[in-house]
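Notes to accompany the following structure.
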Amino acid sequence: MHYQWYPGHMSKAKRQIQDELKLVDVIVELVDARIPISSKNPDINKLAGNKPRVLLLNKADLADDVRTKEYKAYFEKQGYRVLPINAKGGTGVKNVLGVIKEACKEKRERDLKKGIIGRPLRAMILGIPNVGKSTFINAFAGKNCTLTGNKPGVTKGKQWIRLNKELELLDTPGILWPKFEDQGVGLRIAWIGSINEDILDIRELAVTLLEYLYTDYPGIIEKKYGVEEIADGNEALERIARKRACLKKGGEADIDRAAGFIMDDFRTGKIGRITLERGGFDEC
Ligand code: G4P
């Protein structure tokens with residue numbers, strides 16, 4: 001399967017991030033809790049330097065709780081403050097401010113010693129497309145926030161969101177992509193629906209997802225669709241199509257239609273709360 005990426009935009013985004021990182025105290029990075037490794041931009045580590053970092057495992061409502069806990073511990077070991085959240089439903093969002101303040105504790109103490117009192121903390125929000133940044137900012141900042149004007153040294157037109165007297169947010173300057181050269185990452189990003197459907201083969205997506213679920217979540221497909229599970233994804237897809245009477249004229253299984261509803265069911269959490277990867281990379 002071929003995935004379409006835009007590396008040109010990425011180097012520009014990286015440069016912007018590098019410039020604007022100088023203006024913030026803390027990096028708040030969002031990933032999709034269903035693919036916390038694959039939805040993490042691999043360059044942020046290098047860009048971040050020594051800034052304190054908060055990692056939000058968003059869409060935790062769709063992810064497997066057990067693995068979310070494992071990933072929380074995994075990233076904490078790497079020095080992140082980690083919080084699973086559901087930006088859409090609001091769960092966990094009210095705890096984010098406390099975690100950001102905690103992450104910046106040393107910085108605030110240093111400020112105090114220098115006599116700097118009452119300056120709001122500044123956070124940069126980062127994440128690859130579709131992880132839920134806009135949803136999070138809306139839920140986090142809500143109606144209480146005000147957009148503030150340009151700041152010295154910030155690209156003209158860039159807006160800071162003043163959450164309250166304690167915190168200002170800077171949305172991602174530009175677009176970041178995941179580790180696009182890795183086809184496994186591309187596939188997982190496609191499963192969760194973050195790649196334009198037009199360029200994807202929905203049948204292949206469903207077949208590979210069914211094969212993944214067969215190995216990693218045995219029993220879940222049988223429970224949802226009432227079919228006996230089988231390792232071969234094509235056969236599994238056909239069985240589900242027939243079971244659901246998803247047929248073309250003449251009685252042939254309508255594979256593409258079945259693939260479509262399986263992907264929809266998965267993405268909306270109707271198959272269950274599922275995390276699509278295990279373990280991690282050495283460098284995240
Ligand atoms: P972005 O700015 O990072 O690109 O992402 P955005 O906020 O636009 O969110 C992408 C999609 O993910 C949206 O769905 C949004 O509702 C959904 N979403 C964000 N956070 C969560 C979460 O914690 N849990 C769940 N289940 N979904 C979340 P959409 O279908 O594109 O829009 P909508 O129909 O939901 O408005």
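Within each chain, counting starts at residue 1; across the structure tokens, chains are named A, B, ... in the order shown, with ligands numbered 1 upward in that order.
Around ligand 1, using only C-alpha atoms and all ligand atoms and a cut-off of 7 Å, the residues in contact are Asn58, Lys59, Ala60, Asp61, Leu62, Ile85, Asn86, Ala87, Lys88, Gly89, Gly127, Ile128, Pro129, Asn130, Val131, Gly132, Lys133, Ser134, Thr135, Phe136 and Thr268 of chain A.
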Residues of range 24-248 of chain A in alpha helix (DSSP H), written as a VMD selection string: chain A and resid 44 to 48 65 to 77 96 to 103 105 to 113 133 to 141 183 to 191 202 to 216 220 to 225 233 to 243
What parts of range 2-234 of chain A does DSSP call strand (DSSP E)? I'd like the answer as a PDB file with N, CA, C and O atoms, in the first residue's frame.
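Generated output (selection-v3.pdb):
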```
ATOM      1  N   VAL A  26       7.545  24.856  28.400  1.00  0.00           N
ATOM      2  CA  VAL A  26       7.200  23.439  28.467  1.00  0.00           C
ATOM      3  C   VAL A  26       6.558  23.008  27.136  1.00  0.00           C
ATOM      4  O   VAL A  26       5.896  23.813  26.468  1.00  0.00           O
ATOM      5  N   ILE A  27       6.811  21.756  26.790  1.00  0.00           N
ATOM      6  CA  ILE A  27       6.211  21.202  25.574  1.00  0.00           C
ATOM      7  C   ILE A  27       5.097  20.249  25.975  1.00  0.00           C
ATOM      8  O   ILE A  27       5.312  19.347  26.792  1.00  0.00           O
ATOM      9  N   VAL A  28       3.924  20.465  25.417  1.00  0.00           N
ATOM     10  CA  VAL A  28       2.804  19.553  25.665  1.00  0.00           C
ATOM     11  C   VAL A  28       2.542  18.815  24.357  1.00  0.00           C
ATOM     12  O   VAL A  28       2.143  19.413  23.361  1.00  0.00           O
ATOM     13  N   GLU A  29       2.814  17.526  24.378  1.00  0.00           N
ATOM     14  CA  GLU A  29       2.715  16.747  23.144  1.00  0.00           C
ATOM     15  C   GLU A  29       1.509  15.817  23.226  1.00  0.00           C
ATOM     16  O   GLU A  29       1.323  15.128  24.230  1.00  0.00           O
ATOM     17  N   LEU A  30       0.724  15.799  22.171  1.00  0.00           N
ATOM     18  CA  LEU A  30      -0.417  14.879  22.129  1.00  0.00           C
ATOM     19  C   LEU A  30      -0.089  13.703  21.230  1.00  0.00           C
ATOM     20  O   LEU A  30       0.443  13.897  20.132  1.00  0.00           O
ATOM     21  N   VAL A  31      -0.433  12.515  21.686  1.00  0.00           N
ATOM     22  CA  VAL A  31      -0.386  11.347  20.812  1.00  0.00           C
ATOM     23  C   VAL A  31      -1.734  10.635  20.904  1.00  0.00           C
ATOM     24  O   VAL A  31      -2.533  10.919  21.798  1.00  0.00           O
ATOM     25  N   ASP A  32      -1.961   9.729  19.967  1.00  0.00           N
ATOM     26  CA  ASP A  32      -3.183   8.937  19.989  1.00  0.00           C
ATOM     27  C   ASP A  32      -2.910   7.706  20.854  1.00  0.00           C
ATOM     28  O   ASP A  32      -1.989   6.927  20.559  1.00  0.00           O
ATOM     29  N   ARG A  53       8.676  18.169  29.533  1.00  0.00           N
ATOM     30  CA  ARG A  53       7.708  17.673  28.548  1.00  0.00           C
ATOM     31  C   ARG A  53       6.540  16.938  29.186  1.00  0.00           C
ATOM     32  O   ARG A  53       6.723  16.107  30.068  1.00  0.00           O
ATOM     33  N   VAL A  54       5.368  17.297  28.692  1.00  0.00           N
ATOM     34  CA  VAL A  54       4.143  16.636  29.136  1.00  0.00           C
ATOM     35  C   VAL A  54       3.606  15.857  27.940  1.00  0.00           C
ATOM     36  O   VAL A  54       3.567  16.385  26.829  1.00  0.00           O
ATOM     37  N   LEU A  55       3.242  14.611  28.169  1.00  0.00           N
ATOM     38  CA  LEU A  55       2.704  13.805  27.076  1.00  0.00           C
ATOM     39  C   LEU A  55       1.255  13.446  27.387  1.00  0.00           C
ATOM     40  O   LEU A  55       0.964  12.850  28.432  1.00  0.00           O
ATOM     41  N   LEU A  56       0.360  13.819  26.485  1.00  0.00           N
ATOM     42  CA  LEU A  56      -1.058  13.500  26.680  1.00  0.00           C
ATOM     43  C   LEU A  56      -1.429  12.335  25.775  1.00  0.00           C
ATOM     44  O   LEU A  56      -1.280  12.410  24.554  1.00  0.00           O
ATOM     45  N   LEU A  57      -1.858  11.230  26.390  1.00  0.00           N
ATOM     46  CA  LEU A  57      -2.313  10.066  25.623  1.00  0.00           C
ATOM     47  C   LEU A  57      -3.789  10.305  25.333  1.00  0.00           C
ATOM     48  O   LEU A  57      -4.661   9.944  26.119  1.00  0.00           O
ATOM     49  N   ASN A  58      -4.050  10.969  24.220  1.00  0.00           N
ATOM     50  CA  ASN A  58      -5.433  11.369  23.927  1.00  0.00           C
ATOM     51  C   ASN A  58      -6.217  10.212  23.284  1.00  0.00           C
ATOM     52  O   ASN A  58      -5.636   9.248  22.822  1.00  0.00           O
ATOM     53  N   ARG A  81       6.047  13.725  31.839  1.00  0.00           N
ATOM     54  CA  ARG A  81       4.858  13.662  32.706  1.00  0.00           C
ATOM     55  C   ARG A  81       3.744  13.185  31.780  1.00  0.00           C
ATOM     56  O   ARG A  81       3.557  13.776  30.708  1.00  0.00           O
ATOM     57  N   VAL A  82       3.038  12.159  32.171  1.00  0.00           N
ATOM     58  CA  VAL A  82       2.091  11.540  31.235  1.00  0.00           C
ATOM     59  C   VAL A  82       0.677  11.535  31.800  1.00  0.00           C
ATOM     60  O   VAL A  82       0.470  11.233  32.983  1.00  0.00           O
ATOM     61  N   LEU A  83      -0.271  11.855  30.939  1.00  0.00           N
ATOM     62  CA  LEU A  83      -1.667  11.854  31.372  1.00  0.00           C
ATOM     63  C   LEU A  83      -2.554  11.298  30.252  1.00  0.00           C
ATOM     64  O   LEU A  83      -2.558  11.852  29.148  1.00  0.00           O
ATOM     65  N   PRO A  84      -3.269  10.204  30.519  1.00  0.00           N
ATOM     66  CA  PRO A  84      -4.246   9.754  29.532  1.00  0.00           C
ATOM     67  C   PRO A  84      -5.457  10.691  29.588  1.00  0.00           C
ATOM     68  O   PRO A  84      -5.908  11.026  30.690  1.00  0.00           O
ATOM     69  N   LEU A 121       3.152  30.730  32.710  1.00  0.00           N
ATOM     70  CA  LEU A 121       3.942  29.706  32.031  1.00  0.00           C
ATOM     71  C   LEU A 121       3.509  29.676  30.568  1.00  0.00           C
ATOM     72  O   LEU A 121       2.350  29.929  30.259  1.00  0.00           O
ATOM     73  N   ARG A 122       4.455  29.329  29.728  1.00  0.00           N
ATOM     74  CA  ARG A 122       4.110  29.245  28.301  1.00  0.00           C
ATOM     75  C   ARG A 122       4.331  27.825  27.809  1.00  0.00           C
ATOM     76  O   ARG A 122       5.413  27.256  27.983  1.00  0.00           O
ATOM     77  N   ALA A 123       3.312  27.296  27.181  1.00  0.00           N
ATOM     78  CA  ALA A 123       3.386  25.909  26.706  1.00  0.00           C
ATOM     79  C   ALA A 123       3.186  25.852  25.200  1.00  0.00           C
ATOM     80  O   ALA A 123       2.350  26.579  24.653  1.00  0.00           O
ATOM     81  N   MET A 124       3.966  25.011  24.546  1.00  0.00           N
ATOM     82  CA  MET A 124       3.734  24.775  23.117  1.00  0.00           C
ATOM     83  C   MET A 124       3.005  23.442  22.967  1.00  0.00           C
ATOM     84  O   MET A 124       3.383  22.449  23.578  1.00  0.00           O
ATOM     85  N   ILE A 125       1.943  23.460  22.167  1.00  0.00           N
ATOM     86  CA  ILE A 125       1.162  22.233  21.953  1.00  0.00           C
ATOM     87  C   ILE A 125       1.605  21.606  20.635  1.00  0.00           C
ATOM     88  O   ILE A 125       1.550  22.257  19.598  1.00  0.00           O
ATOM     89  N   LEU A 126       2.030  20.359  20.704  1.00  0.00           N
ATOM     90  CA  LEU A 126       2.514  19.676  19.504  1.00  0.00           C
ATOM     91  C   LEU A 126       1.787  18.356  19.292  1.00  0.00           C
ATOM     92  O   LEU A 126       1.361  17.716  20.250  1.00  0.00           O
ATOM     93  N   THR A 146      -8.541  33.849  26.236  1.00  0.00           N
ATOM     94  CA  THR A 146      -8.553  34.984  25.319  1.00  0.00           C
ATOM     95  C   THR A 146      -7.375  34.835  24.382  1.00  0.00           C
ATOM     96  O   THR A 146      -6.314  34.349  24.766  1.00  0.00           O
ATOM     97  N   LEU A 147      -7.575  35.229  23.155  1.00  0.00           N
ATOM     98  CA  LEU A 147      -6.460  35.194  22.220  1.00  0.00           C
ATOM     99  C   LEU A 147      -5.636  36.443  22.452  1.00  0.00           C
ATOM    100  O   LEU A 147      -6.174  37.542  22.536  1.00  0.00           O
ATOM    101  N   THR A 148      -4.350  36.283  22.579  1.00  0.00           N
ATOM    102  CA  THR A 148      -3.523  37.468  22.801  1.00  0.00           C
ATOM    103  C   THR A 148      -2.783  37.803  21.516  1.00  0.00           C
ATOM    104  O   THR A 148      -2.649  36.964  20.637  1.00  0.00           O
ATOM    105  N   TRP A 160      -1.212  33.555  20.600  1.00  0.00           N
ATOM    106  CA  TRP A 160      -1.113  32.839  21.862  1.00  0.00           C
ATOM    107  C   TRP A 160      -2.504  32.764  22.447  1.00  0.00           C
ATOM    108  O   TRP A 160      -3.305  33.677  22.301  1.00  0.00           O
ATOM    109  N   ILE A 161      -2.778  31.686  23.110  1.00  0.00           N
ATOM    110  CA  ILE A 161      -4.062  31.535  23.780  1.00  0.00           C
ATOM    111  C   ILE A 161      -3.803  31.666  25.261  1.00  0.00           C
ATOM    112  O   ILE A 161      -3.031  30.880  25.827  1.00  0.00           O
ATOM    113  N   ARG A 162      -4.397  32.698  25.841  1.00  0.00           N
ATOM    114  CA  ARG A 162      -4.174  32.906  27.262  1.00  0.00           C
ATOM    115  C   ARG A 162      -5.238  32.133  28.031  1.00  0.00           C
ATOM    116  O   ARG A 162      -6.416  32.481  28.000  1.00  0.00           O
ATOM    117  N   LEU A 163      -4.805  31.072  28.669  1.00  0.00           N
ATOM    118  CA  LEU A 163      -5.759  30.211  29.358  1.00  0.00           C
ATOM    119  C   LEU A 163      -6.268  30.889  30.629  1.00  0.00           C
ATOM    120  O   LEU A 163      -7.466  30.959  30.883  1.00  0.00           O
ATOM    121  N   ASN A 164      -5.337  31.386  31.399  1.00  0.00           N
ATOM    122  CA  ASN A 164      -5.656  32.147  32.613  1.00  0.00           C
ATOM    123  C   ASN A 164      -4.375  32.870  33.002  1.00  0.00           C
ATOM    124  O   ASN A 164      -3.413  32.866  32.233  1.00  0.00           O
ATOM    125  N   LEU A 167      -1.178  30.468  32.647  1.00  0.00           N
ATOM    126  CA  LEU A 167      -0.723  29.678  31.491  1.00  0.00           C
ATOM    127  C   LEU A 167      -1.132  30.287  30.148  1.00  0.00           C
ATOM    128  O   LEU A 167      -2.280  30.703  29.962  1.00  0.00           O
ATOM    129  N   GLU A 168      -0.159  30.284  29.239  1.00  0.00           N
ATOM    130  CA  GLU A 168      -0.444  30.657  27.845  1.00  0.00           C
ATOM    131  C   GLU A 168      -0.025  29.514  26.931  1.00  0.00           C
ATOM    132  O   GLU A 168       0.998  28.868  27.165  1.00  0.00           O
ATOM    133  N   LEU A 169      -0.837  29.293  25.900  1.00  0.00           N
ATOM    134  CA  LEU A 169      -0.568  28.185  24.983  1.00  0.00           C
ATOM    135  C   LEU A 169      -0.193  28.709  23.612  1.00  0.00           C
ATOM    136  O   LEU A 169      -0.782  29.678  23.136  1.00  0.00           O
ATOM    137  N   LEU A 170       0.742  28.034  23.000  1.00  0.00           N
ATOM    138  CA  LEU A 170       1.085  28.342  21.613  1.00  0.00           C
ATOM    139  C   LEU A 170       0.805  27.088  20.794  1.00  0.00           C
ATOM    140  O   LEU A 170       1.381  26.034  21.050  1.00  0.00           O
TER     141      LEU A 170
END
```
Selected residue, from A:Lys69, A:Ile116, A:Ala13, A:Leu187, that lies nearest to Asp43 in chain A when counting only C-alpha atoms: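 Of A:Lys69, A:Ile116, A:Ala13, A:Leu187, the one nearest Asp43 in chain A is A:Ala13, counting only C-alpha atoms.
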Distance of CA of Pro36 in chain A from CA of Lys107 in chain A, expressed in Å to one decimal place: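 If I compute the distance from CA of Lys107 in chain A to CA of Pro36 in chain A, I get 27.6 Å.
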Who sits within 12 Å of Lys270 in chain A, only C-alpha atoms, same chain under 2 positions skipped, as an MDAnalysis selection string: chainID A and resid 61:63 220:221 223:225 261:268 272:274
How would the residues just picked look written out with all heavy atoms as a compact mmCIF listing (two decimals), in the first residue's frame?
```txt
# COMPACT_ATOMS: atom_id res chain seq x y z
N ASP A 61 -10.26 7.00 25.58
CA ASP A 61 -11.57 6.33 25.62
C ASP A 61 -11.66 5.20 24.60
O ASP A 61 -12.46 4.28 24.74
CB ASP A 61 -12.71 7.35 25.37
CG ASP A 61 -12.52 8.14 24.08
OD1 ASP A 61 -11.42 8.71 23.88
OD2 ASP A 61 -13.46 8.21 23.27
N LEU A 62 -10.83 5.27 23.53
CA LEU A 62 -10.87 4.25 22.49
C LEU A 62 -9.77 3.19 22.68
O LEU A 62 -9.77 2.16 22.01
CB LEU A 62 -10.70 4.90 21.10
CG LEU A 62 -11.76 5.92 20.69
CD1 LEU A 62 -11.37 6.61 19.38
CD2 LEU A 62 -13.14 5.25 20.52
N ALA A 63 -8.85 3.48 23.57
CA ALA A 63 -7.68 2.59 23.73
C ALA A 63 -7.89 1.59 24.86
O ALA A 63 -8.77 1.75 25.71
CB ALA A 63 -6.44 3.43 23.99
N ILE A 220 -12.15 -11.09 20.03
CA ILE A 220 -12.87 -9.81 19.94
C ILE A 220 -13.74 -9.74 18.67
O ILE A 220 -14.84 -9.19 18.69
CB ILE A 220 -11.87 -8.62 20.07
CG1 ILE A 220 -12.60 -7.39 20.63
CG2 ILE A 220 -11.18 -8.28 18.76
CD1 ILE A 220 -11.67 -6.31 21.17
N ILE A 221 -13.26 -10.34 17.59
CA ILE A 221 -14.02 -10.31 16.34
C ILE A 221 -15.21 -11.28 16.42
O ILE A 221 -16.32 -10.98 16.00
CB ILE A 221 -13.08 -10.66 15.15
CG1 ILE A 221 -12.16 -9.47 14.88
CG2 ILE A 221 -13.85 -11.03 13.89
CD1 ILE A 221 -12.85 -8.18 14.49
N LYS A 223 -16.76 -12.09 19.08
CA LYS A 223 -17.74 -11.48 19.98
C LYS A 223 -18.56 -10.43 19.24
O LYS A 223 -19.78 -10.34 19.39
CB LYS A 223 -16.98 -10.84 21.16
CG LYS A 223 -17.88 -10.34 22.25
CD LYS A 223 -17.10 -10.09 23.53
CE LYS A 223 -17.94 -9.30 24.50
NZ LYS A 223 -17.32 -8.05 24.90
N LYS A 224 -17.89 -9.65 18.41
CA LYS A 224 -18.59 -8.55 17.74
C LYS A 224 -19.45 -9.05 16.58
O LYS A 224 -20.58 -8.62 16.41
CB LYS A 224 -17.54 -7.53 17.24
CG LYS A 224 -18.08 -6.43 16.34
CD LYS A 224 -18.99 -5.47 17.09
CE LYS A 224 -19.61 -4.47 16.13
NZ LYS A 224 -20.74 -3.76 16.72
N TYR A 225 -18.89 -9.95 15.76
CA TYR A 225 -19.59 -10.31 14.51
C TYR A 225 -20.17 -11.72 14.51
O TYR A 225 -20.81 -12.11 13.54
CB TYR A 225 -18.65 -10.12 13.32
CG TYR A 225 -18.21 -8.68 13.14
CD1 TYR A 225 -16.90 -8.28 13.39
CD2 TYR A 225 -19.12 -7.71 12.74
CE1 TYR A 225 -16.50 -6.96 13.24
CE2 TYR A 225 -18.74 -6.38 12.58
CZ TYR A 225 -17.44 -6.01 12.84
OH TYR A 225 -17.06 -4.71 12.69
N PHE A 261 -17.64 -1.08 6.83
CA PHE A 261 -18.28 -1.02 8.16
C PHE A 261 -17.36 -1.55 9.26
O PHE A 261 -17.42 -1.09 10.40
CB PHE A 261 -19.70 -1.61 8.18
CG PHE A 261 -19.84 -3.11 8.10
CD1 PHE A 261 -19.40 -3.95 9.11
CD2 PHE A 261 -20.50 -3.68 7.00
CE1 PHE A 261 -19.56 -5.32 9.04
CE2 PHE A 261 -20.66 -5.06 6.91
CZ PHE A 261 -20.18 -5.89 7.93
N ILE A 262 -16.46 -2.47 8.91
CA ILE A 262 -15.52 -2.95 9.92
C ILE A 262 -14.58 -1.80 10.36
O ILE A 262 -14.36 -1.58 11.55
CB ILE A 262 -14.71 -4.15 9.39
CG1 ILE A 262 -15.62 -5.37 9.27
CG2 ILE A 262 -13.51 -4.46 10.30
CD1 ILE A 262 -15.03 -6.53 8.49
N MET A 263 -14.09 -1.04 9.39
CA MET A 263 -13.20 0.07 9.75
C MET A 263 -13.96 1.13 10.56
O MET A 263 -13.42 1.67 11.52
CB MET A 263 -12.57 0.71 8.49
CG MET A 263 -11.61 -0.18 7.71
SD MET A 263 -10.41 -1.10 8.71
CE MET A 263 -9.49 0.20 9.50
N ASP A 264 -15.21 1.38 10.16
CA ASP A 264 -16.03 2.34 10.94
C ASP A 264 -16.24 1.85 12.36
O ASP A 264 -16.11 2.60 13.32
CB ASP A 264 -17.41 2.50 10.30
CG ASP A 264 -17.39 3.51 9.18
OD1 ASP A 264 -16.34 4.17 8.99
OD2 ASP A 264 -18.42 3.64 8.48
N ASP A 265 -16.59 0.57 12.46
CA ASP A 265 -16.82 -0.01 13.79
C ASP A 265 -15.57 0.11 14.65
O ASP A 265 -15.63 0.46 15.82
CB ASP A 265 -17.20 -1.50 13.68
CG ASP A 265 -18.63 -1.70 13.19
OD1 ASP A 265 -19.39 -0.71 13.16
OD2 ASP A 265 -18.98 -2.85 12.84
N PHE A 266 -14.43 -0.18 14.03
CA PHE A 266 -13.19 -0.09 14.79
C PHE A 266 -12.92 1.34 15.24
O PHE A 266 -12.65 1.61 16.41
CB PHE A 266 -12.00 -0.61 13.95
CG PHE A 266 -10.70 -0.20 14.56
CD1 PHE A 266 -10.29 -0.77 15.76
CD2 PHE A 266 -9.93 0.81 14.00
CE1 PHE A 266 -9.13 -0.34 16.38
CE2 PHE A 266 -8.76 1.24 14.62
CZ PHE A 266 -8.37 0.65 15.81
N ARG A 267 -13.03 2.28 14.30
CA ARG A 267 -12.65 3.67 14.60
C ARG A 267 -13.57 4.33 15.61
O ARG A 267 -13.18 5.26 16.30
CB ARG A 267 -12.60 4.49 13.30
CG ARG A 267 -11.42 4.09 12.44
CD ARG A 267 -11.51 4.66 11.06
NE ARG A 267 -10.41 4.20 10.23
CZ ARG A 267 -10.39 4.31 8.91
NH1 ARG A 267 -11.41 4.86 8.27
NH2 ARG A 267 -9.35 3.88 8.23
N THR A 268 -14.80 3.85 15.68
CA THR A 268 -15.72 4.46 16.65
C THR A 268 -15.78 3.65 17.95
O THR A 268 -16.60 3.90 18.80
CB THR A 268 -17.14 4.57 16.04
OG1 THR A 268 -17.51 3.29 15.49
CG2 THR A 268 -17.19 5.61 14.94
N GLY A 272 -14.42 -2.56 20.30
CA GLY A 272 -13.88 -2.61 21.66
C GLY A 272 -12.78 -1.57 21.82
O GLY A 272 -12.47 -0.84 20.89
N ARG A 273 -12.25 -1.52 23.02
CA ARG A 273 -11.15 -0.57 23.27
C ARG A 273 -9.86 -1.29 22.94
O ARG A 273 -9.48 -2.25 23.60
CB ARG A 273 -11.22 -0.07 24.70
CG ARG A 273 -12.48 0.76 24.92
CD ARG A 273 -12.61 1.23 26.32
NE ARG A 273 -11.50 2.08 26.71
CZ ARG A 273 -11.38 2.61 27.93
NH1 ARG A 273 -12.29 2.36 28.85
NH2 ARG A 273 -10.36 3.38 28.21
N ILE A 274 -9.21 -0.79 21.90
CA ILE A 274 -8.09 -1.53 21.31
C ILE A 274 -6.87 -0.62 21.15
O ILE A 274 -7.00 0.51 20.70
CB ILE A 274 -8.51 -2.08 19.93
CG1 ILE A 274 -9.57 -3.18 20.12
CG2 ILE A 274 -7.32 -2.61 19.13
CD1 ILE A 274 -10.34 -3.51 18.87
```
